[in-house]
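Peer 1: target_24.csv is reproduced below (CSV, C-alpha atoms).
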chain,number,residue,atom,x,y,z
A,1,MET,CA,17.3,39.9,-10.3
A,2,ARG,CA,18.8,40.2,-6.9
A,3,ALA,CA,15.3,39.9,-5.3
A,4,ILE,CA,14.7,36.7,-7.2
A,5,LEU,CA,18.1,35.3,-6.1
A,6,LEU,CA,17.3,36.2,-2.5
A,7,LEU,CA,13.9,34.5,-2.7
A,8,PHE,CA,15.5,31.4,-4.2
A,9,LEU,CA,18.1,31.2,-1.5
A,10,ALA,CA,15.4,31.7,1.2
A,11,ALA,CA,13.3,28.9,-0.3
A,12,VAL,CA,16.4,26.6,-0.4
A,13,ALA,CA,17.3,27.5,3.2
A,14,ALA,CA,13.7,26.9,4.4
A,15,SER,CA,13.5,23.5,2.8
A,16,ALA,CA,16.8,22.5,4.3
A,17,CYS,CA,15.5,23.2,7.8
A,18,GLN,CA,12.3,21.1,7.4
A,19,PHE,CA,12.2,17.7,9.0
A,20,SER,CA,9.6,15.0,9.9
A,21,VAL,CA,9.4,12.5,12.7
A,22,ASN,CA,7.6,9.2,12.4
A,23,VAL,CA,6.4,8.3,15.9
A,24,GLY,CA,4.8,5.1,14.8
A,25,LYS,CA,1.3,4.0,15.6
A,26,VAL,CA,0.0,5.4,18.9
A,27,PRO,CA,-1.8,2.6,20.7
A,28,PRO,CA,-5.5,3.1,21.6
A,29,PRO,CA,-6.4,3.7,25.2
A,30,ILE,CA,-6.8,0.6,27.4
A,31,GLN,CA,-10.4,-0.7,27.2
A,32,GLY,CA,-12.1,-3.2,29.5
A,33,ASN,CA,-11.0,-4.8,32.7
A,34,PRO,CA,-7.4,-5.8,33.4
A,35,GLU,CA,-6.6,-9.5,33.3
A,36,PHE,CA,-4.0,-11.1,35.5
A,37,GLY,CA,-2.5,-14.6,35.3
A,38,ASP,CA,-1.2,-16.5,38.3
A,39,VAL,CA,2.1,-15.4,39.8
A,40,VAL,CA,4.9,-17.8,38.7
A,41,LEU,CA,8.1,-18.4,40.7
A,42,ALA,CA,11.3,-19.1,38.8
A,43,THR,CA,15.0,-19.3,39.2
A,44,GLU,CA,15.4,-17.9,35.7
A,45,ILE,CA,13.3,-15.6,33.4
A,46,ASP,CA,13.8,-14.3,29.9
A,47,SER,CA,15.7,-11.0,30.2
A,48,TYR,CA,13.6,-9.4,27.4
A,49,THR,CA,10.0,-10.7,27.8
A,50,LYS,CA,10.2,-11.5,31.6
A,51,GLU,CA,8.5,-14.9,30.9
A,52,PRO,CA,9.6,-17.7,33.3
A,53,ILE,CA,12.2,-20.1,31.9
A,54,THR,CA,12.8,-22.3,35.0
A,55,GLU,CA,9.5,-22.4,37.0
A,56,VAL,CA,9.7,-23.7,40.6
A,57,LEU,CA,7.5,-24.3,43.6
A,58,GLU,CA,10.5,-24.4,45.9
A,59,PHE,CA,13.8,-22.7,46.1
A,60,ALA,CA,17.1,-24.1,47.5
A,61,SER,CA,18.4,-22.2,50.6
A,62,ASP,CA,21.5,-21.1,48.7
A,63,VAL,CA,19.5,-19.7,45.7
A,64,GLU,CA,21.2,-16.7,44.1
A,65,THR,CA,18.0,-15.1,42.7
A,66,MET,CA,14.3,-15.7,43.4
A,67,TYR,CA,12.1,-14.4,40.5
A,68,ALA,CA,8.4,-13.8,40.5
A,69,THR,CA,6.6,-12.9,37.3
A,70,ILE,CA,2.9,-12.5,36.3
A,71,HIS,CA,1.2,-12.2,32.9
A,72,VAL,CA,-0.8,-9.0,32.6
A,73,ARG,CA,-3.3,-7.7,30.0
A,74,ASN,CA,-5.2,-4.5,29.7
A,75,ALA,CA,-3.9,-2.9,32.8
A,76,LYS,CA,-3.9,0.9,33.0
A,77,ALA,CA,-0.8,2.6,34.4
A,78,GLY,CA,-0.6,1.8,38.1
A,79,GLU,CA,1.4,0.3,41.0
A,80,PHE,CA,2.4,-3.3,41.5
A,81,ARG,CA,3.6,-4.5,44.9
A,82,PHE,CA,5.2,-7.9,45.4
A,83,ASN,CA,5.2,-8.9,49.1
A,84,TRP,CA,7.7,-11.7,49.8
A,85,ARG,CA,6.9,-13.2,53.2
A,86,ASN,CA,8.4,-15.7,55.6
A,87,GLY,CA,5.6,-17.0,57.9
A,88,SER,CA,4.1,-14.1,59.8
A,89,ASP,CA,7.2,-11.9,59.5
A,90,GLU,CA,6.9,-8.4,58.0
A,91,PRO,CA,7.0,-8.8,54.2
A,92,THR,CA,9.8,-7.7,52.0
A,93,GLY,CA,7.8,-5.5,49.7
A,94,ILE,CA,9.0,-4.4,46.2
A,95,VAL,CA,6.9,-1.7,44.6
A,96,MET,CA,7.0,-0.6,41.0
A,97,THR,CA,5.0,1.8,38.9
A,98,THR,CA,4.1,0.7,35.4
A,99,PRO,CA,2.8,2.4,32.3
A,100,ASP,CA,-0.3,1.0,30.5
A,101,ILE,CA,0.2,-2.7,29.9
A,102,TYR,CA,-1.5,-4.2,26.9
A,103,ASP,CA,-0.1,-7.8,27.0
A,104,SER,CA,3.2,-8.4,28.9
A,105,TRP,CA,4.8,-10.0,31.9
A,106,VAL,CA,5.6,-8.0,35.0
A,107,SER,CA,8.4,-9.4,37.2
A,108,THR,CA,10.5,-8.7,40.2
A,109,TRP,CA,13.3,-10.6,42.0
A,110,ILE,CA,15.2,-10.7,45.2
A,111,GLU,CA,18.8,-11.7,45.7
A,112,PRO,CA,19.4,-13.2,49.2
A,113,THR,CA,22.9,-12.3,50.4
A,114,ASP,CA,23.1,-14.7,53.3
A,115,GLY,CA,20.9,-17.6,51.9
A,116,VAL,CA,17.4,-18.3,52.9
A,117,PRO,CA,16.5,-20.4,55.9
A,118,PRO,CA,14.8,-23.7,54.9
A,119,GLY,CA,11.1,-23.9,55.7
A,120,ASP,CA,7.5,-24.5,54.4
A,121,ASP,CA,5.9,-21.2,55.4
A,122,TYR,CA,6.9,-18.8,52.6
A,123,SER,CA,4.5,-16.9,50.4
A,124,LEU,CA,4.3,-14.2,47.8
A,125,GLU,CA,1.4,-11.8,47.3
A,126,VAL,CA,1.0,-9.6,44.2
A,127,ILE,CA,-1.0,-6.4,44.6
A,128,TYR,CA,-2.2,-4.1,41.8
A,129,ASN,CA,-3.4,-0.6,42.8
A,130,GLY,CA,-4.2,-1.8,46.4
A,131,LYS,CA,-6.0,-5.1,45.4
A,132,VAL,CA,-4.5,-8.6,45.8
A,133,ILE,CA,-4.5,-10.2,42.4
A,134,SER,CA,-2.4,-13.3,43.0
A,135,THR,CA,-0.7,-15.3,45.8
A,136,VAL,CA,1.5,-18.3,45.9
A,137,SER,CA,2.9,-20.4,48.8
A,138,PHE,CA,6.3,-22.0,48.4
A,139,ARG,CA,9.0,-23.7,50.4
A,140,VAL,CA,12.8,-23.4,50.8
A,141,THR,CA,14.8,-26.6,50.9
A,142,GLY,CA,18.4,-27.3,51.9
A,143,SER,CA,21.4,-26.3,49.9
A,144,SER,CA,21.5,-27.2,46.2
A,145,ARG,CA,25.3,-27.7,46.3
A,146,ARG,CA,26.7,-31.1,47.1
A,147,ASP,CA,29.4,-31.2,49.7
A,148,ALA,CA,32.7,-32.5,48.3
A,149,THR,CA,34.0,-35.5,50.4
Show me the file's structure as structure tokens.
Peer 2:
Amino acid sequence: MRAILLLFLAAVAASACQFSVNVGKVPPPIQGNPEFGDVVLATEIDSYTKEPITEVLEFASDVETMYATIHVRNAKAGEFRFNWRNGSDEPTGIVMTTPDIYDSWVSTWIEPTDGVPPGDDYSLEVIYNGKVISTVSFRVTGSSRRDAT
């Protein structure tokens, strides 16, 4: 009788220690060639999807944040580099490593601390795994704030 009781308790203890984890559907490997949209400049993007909300072709010199975002499909894990450039000056490069991207926006931003000098010779270059995939030229205009008189 005691042996049966011990077997019963062992079975109850074993079942109490079991668990399962549902990891969801594992996506298939990336197939085919990556697809890249044009890089879009913005003063505001959706914080979740990274899609542009307020697209621009120029920024005000007192802009607080300059966003760049690009739509990407079927890109294997890799490195994105966003090179912000003023004329022939050395670029301000922002580098990020991403996992596989099935269909998403990839974005970056800069926050100028002392404003941006007005001019017509600005550009942004987006590079994926060493290859230029999109470029855009833009200008910076005077201050967006109106002086109080």
Peer 1: A:Ile30, A:Leu124, A:Met66, A:Val132: which is nearest Pro91 of chain A, counting all atoms listed in the file?
Peer 2: A:Leu124
Peer 1: What is the atom CA of Glu58 of chain A-atom CA of Phe80 of chain A distance in Å, reported with one decimal?
Peer 2: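 The value is 23.0 Å.
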Peer 1: From (4.7, -16.2, 57.4), in the file's coordinates, out to 10 Å: which residues are reached, counting only C-alpha atoms? Answer as a ChimeraX atom specification.
Peer 2: /A:84-91,120-124,137
Peer 1: Hey, can you spit out that residue selection with C-alpha atoms as a PDB file, in the coordinates of the input?
Peer 2:
ATOM      1  CA  TRP A  84       7.700 -11.700  49.800  1.00  0.00           C
ATOM      2  CA  ARG A  85       6.900 -13.200  53.200  1.00  0.00           C
ATOM      3  CA  ASN A  86       8.400 -15.700  55.600  1.00  0.00           C
ATOM      4  CA  GLY A  87       5.600 -17.000  57.900  1.00  0.00           C
ATOM      5  CA  SER A  88       4.100 -14.100  59.800  1.00  0.00           C
ATOM      6  CA  ASP A  89       7.200 -11.900  59.500  1.00  0.00           C
ATOM      7  CA  GLU A  90       6.900  -8.400  58.000  1.00  0.00           C
ATOM      8  CA  PRO A  91       7.000  -8.800  54.200  1.00  0.00           C
ATOM      9  CA  ASP A 120       7.500 -24.500  54.400  1.00  0.00           C
ATOM     10  CA  ASP A 121       5.900 -21.200  55.400  1.00  0.00           C
ATOM     11  CA  TYR A 122       6.900 -18.800  52.600  1.00  0.00           C
ATOM     12  CA  SER A 123       4.500 -16.900  50.400  1.00  0.00           C
ATOM     13  CA  LEU A 124       4.300 -14.200  47.800  1.00  0.00           C
ATOM     14  CA  SER A 137       2.900 -20.400  48.800  1.00  0.00           C
TER      15      SER A 137
END
Peer 1: For atom CA of Phe59 of chain A and atom CA of Pro118 of chain A, quote the distance in Å rounded to one decimal.
Peer 2: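 Atom-to-atom, atom CA of Phe59 of chain A and atom CA of Pro118 of chain A are spaced 8.9 Å apart.
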Peer 1: Which of these residues is nearest to Ser104 of chain A, using only C-alpha atoms: A:Thr54, A:Thr49, A:Asn129, A:Thr65?
Peer 2: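 Among the listed residues, A:Thr49 lies closest to Ser104 of chain A.
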Peer 1: Neighbouring residues of segment 92-100 of chain A were defined as those with any atom within 7 Å, considering all atoms listed in the file; residues of the same chain fewer than 5 positions away were excluded. Please report them as a list in words.
Peer 2: Ala75, Lys76, Ala77, Gly78, Glu79, Phe80, Arg81, Phe82, Asn83, Trp84 and Arg85 of chain A
Peer 1: Which of these, A:Trp105, A:Pro112, A:Ala60, A:Tyr128, has the shortest distance to Val40 of chain A once you count all atoms listed in the file?
Peer 2: A:Trp105
